[in-house]
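Heads up, the thing below is written out as structure tokens.
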Protein chains: 2
Amino acid sequence: MAGRDKPRTLWPAEAAVSDVVGRLIEFWGFKRNMGRVWTVLYLSPEPLSAEDLRHSLKLSSGAVSMTLSDLSRWGVVRRVWIQGERKDFYAAEIQLWRMISRVFKEREKTEVTLAIEAFEEALSQLDRARKSADPEARARANLRYERISQLLELAKLGRRLLDGLVSTAKVDAEPLARFLLGQRS
Amino acid sequence: MAGRDKPRTLWPAEAAVSDVVGRLIEFWGFKRNMGRVWTVLYLSPEPLSAEDLRHSLKLSSGAVSMTLSDLSRWGVVRRVWIQGERKDFYAAEIQLWRMISRVFKEREKTEVTLAIEAFEEALSQLDRARKSADPEARARANLRYERISQLLELAKLGRRLLDGLVSTAKVDAEPLARFLLGQRS
DNA sequence: ACGTGCTTTCAAATCATTTTGAACACTCCG
DNA sequence: CGGAGTGTTCAAAATGATTTGAAAGCACGT
């Protein structure tokens, strides 16, 4: 019966939405196409094939394949087999918070952790300099120590915040929202 | 009396710190050099001239000038006049939270706001489609409506969160830290 | 008004990322 | 086995971002 309509071309607002998500995502350091592809999948009532995506977003086959594999690696898209179809089909993870928390965990945390290590390393070096005989040099070392400590503290705060997001979001969105919004003065 | 030493070359851990901050900052969508320059200034006991920066970071004069003007535009660096010096000197904003909140405000909020608008527009278009005669089409429109609403909700949550950060941080770091960390289960 | 010292601008060059498309690989049938 | 239909890879091309450096601009002192 009436084969599913392949939306070879996106309806305008759909294009706009995927675009804006693409931008947002790019801005967060991913490839724009990841956002666009994910969004198209997210908005599609049924899973789509690579070819569908190729048409609706005007991408090359290679790009689609790579984007999908990126998205899978991030666990935000999954492969789906459809009864009697030869092609692979893909569906978006629709649990937004689960998705976000996973991504945060992987991505931001490594960066932040690197930073924390660098700060600690710098502090330990400075600590030696703080013992210098020259009071002038000592003062400088102290000031730098002070400031790097601030950065370190900030980074740690960031990490704890991420942890909070991640662990709360893993469970569900609701408590997260409360966590984030409930307690403003 | 002993002219201030111009640190033509950075001490290793200092370089590492500016680098890691550069990366972090890049990762947040700014230019790496913005992070590096800001860090060098932040760690310097006294304001530095464009030339100092040019040497310590091995940048061209043009790059330094542009980076500084970017940083000024973001309000994270300020120009400082030094008694009897012809050159301009620059100092980093050292109130980290104030800085962060300003940046958030400007930058993330516009992105998020754009997204919100796009989502709302899409919803209103879909809303018309939801009245379609064809029940099949109606179901699809409903599903999409549902999902875009989720995105919208998420974006709004993000915006409120940013607002929270911004308004809290404007005052001071302390309450912010408590806001973020105090209330985890 | 001119020269000096410094800063800013901007077109061209460089460097990095993303995209393409053609070649290869796999799988499912006949 | 062979071929059709798909999926993946990868080197080359396109695009996009950043950096350079030379030239133009400014401001100050003479």
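Chains: A, B, ... in order of the structure tokens. Residues: from 1 per chain. Ligands: from 1, in order shown.
Considering only range 40-122 of chain B, backbone DSSP assigns strand (DSSP E) to Leu48, Ser49, Val77, Arg78, Arg79, Val80, Phe89, Tyr90, Ala91 and Ala92 of chain B.
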### Message
Residues of chain B were defined as contacting chain C if any atom lay at most 12 Å from it, counting only C-alpha atoms (C1' of nucleotides); please report them as a VMD selection string.
### Response
chain B and resid 49 to 51 61 to 69 85 to 89
Go ahead and dump the residues you just picked, N, CA and C atoms, as a short mmCIF file (atom, residue, chain, number, x, y, z; two decimals), in the first residue's frame.
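Result file follows (selection24.cif):
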data_model
loop_
_atom_site.label_atom_id
_atom_site.label_comp_id
_atom_site.auth_asym_id
_atom_site.auth_seq_id
_atom_site.Cartn_x
_atom_site.Cartn_y
_atom_site.Cartn_z
N SER B 49 52.65 45.58 26.19
CA SER B 49 52.43 46.29 24.94
C SER B 49 52.18 45.28 23.83
N ALA B 50 51.70 45.81 22.73
CA ALA B 50 51.46 44.95 21.58
C ALA B 50 52.74 44.25 21.17
N GLU B 51 53.81 44.98 21.30
CA GLU B 51 55.08 44.38 20.89
C GLU B 51 55.47 43.21 21.80
N SER B 61 52.44 41.62 13.68
CA SER B 61 51.85 42.82 14.28
C SER B 61 50.36 42.90 13.98
N GLY B 62 50.03 42.57 12.76
CA GLY B 62 48.62 42.61 12.40
C GLY B 62 47.78 41.69 13.26
N ALA B 63 48.27 40.49 13.46
CA ALA B 63 47.51 39.53 14.25
C ALA B 63 47.30 40.06 15.66
N VAL B 64 48.35 40.62 16.22
CA VAL B 64 48.23 41.14 17.58
C VAL B 64 47.17 42.23 17.62
N SER B 65 47.28 43.13 16.68
CA SER B 65 46.33 44.22 16.69
C SER B 65 44.90 43.73 16.57
N MET B 66 44.68 42.81 15.64
CA MET B 66 43.33 42.30 15.47
C MET B 66 42.86 41.55 16.70
N THR B 67 43.72 40.73 17.21
CA THR B 67 43.32 39.96 18.38
C THR B 67 42.96 40.89 19.53
N LEU B 68 43.79 41.89 19.73
CA LEU B 68 43.49 42.82 20.81
C LEU B 68 42.18 43.54 20.57
N SER B 69 41.92 43.85 19.32
CA SER B 69 40.68 44.57 19.12
C SER B 69 39.49 43.64 19.32
N GLU B 85 54.91 56.45 28.66
CA GLU B 85 55.17 55.51 27.58
C GLU B 85 54.41 55.95 26.34
N ARG B 86 55.00 55.73 25.24
CA ARG B 86 54.34 56.13 24.00
C ARG B 86 53.37 55.01 23.57
N LYS B 87 53.81 53.80 23.71
CA LYS B 87 52.97 52.68 23.26
C LYS B 87 51.69 52.55 24.07
N ASP B 88 50.78 51.80 23.52
CA ASP B 88 49.62 51.39 24.29
C ASP B 88 49.96 50.13 25.05
N PHE B 89 49.35 50.02 26.19
CA PHE B 89 49.52 48.79 26.96
C PHE B 89 48.15 48.18 27.19
#
### Task
Considering only C-alpha atoms, extract the chain A residues located within 8 Å of chain B and return them as a PyMOL selection string.
chain A and resi 13-14+16-17+20-21+24+27-29+42-45+111-112+114-115+118-119+121-122+125+140+143-144+147-148+157+160-161+164+177+179-181+183-184
### Message
Please identify the alpha helix (DSSP H) residues within range 49-163 of chain B (assignment by DSSP from backbone atoms) and present them as number ranges by chain.
### Response
B: 50-57, 61-73, 96-129, 135-163
Enumerate, in order of chain and increasing residue number, the residues of chain D with an atom no farther than 12 Å from chain A, each with its shortest atom pair and distance in Å to one decimal, counting only C-alpha atoms (C1' of nucleotides), as JSON lines.
{"residue": "D:DA4", "atom": "C1'", "partner": "A:Arg86", "partner_atom": "CA", "distance": 11.6}
{"residue": "D:DG5", "atom": "C1'", "partner": "A:Arg86", "partner_atom": "CA", "distance": 8.2}
{"residue": "D:DT6", "atom": "C1'", "partner": "A:Lys87", "partner_atom": "CA", "distance": 6.5}
{"residue": "D:DG7", "atom": "C1'", "partner": "A:Ser65", "partner_atom": "CA", "distance": 7.4}
{"residue": "D:DT8", "atom": "C1'", "partner": "A:Ser65", "partner_atom": "CA", "distance": 7.1}
{"residue": "D:DT9", "atom": "C1'", "partner": "A:Gly62", "partner_atom": "CA", "distance": 8.4}
{"residue": "D:DC10", "atom": "C1'", "partner": "A:Gly62", "partner_atom": "CA", "distance": 10.0}
### Query
Do you have the CA of Trp38 in chain B-CA of Ala92 in chain B distance handy?
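CA of Ala92 in chain B lies 6.1 Å from CA of Trp38 in chain B.
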#### Entry: CA of Arg54 in chain B to CA of Thr9 in chain B, straight-line distance in Å
9.9 Å
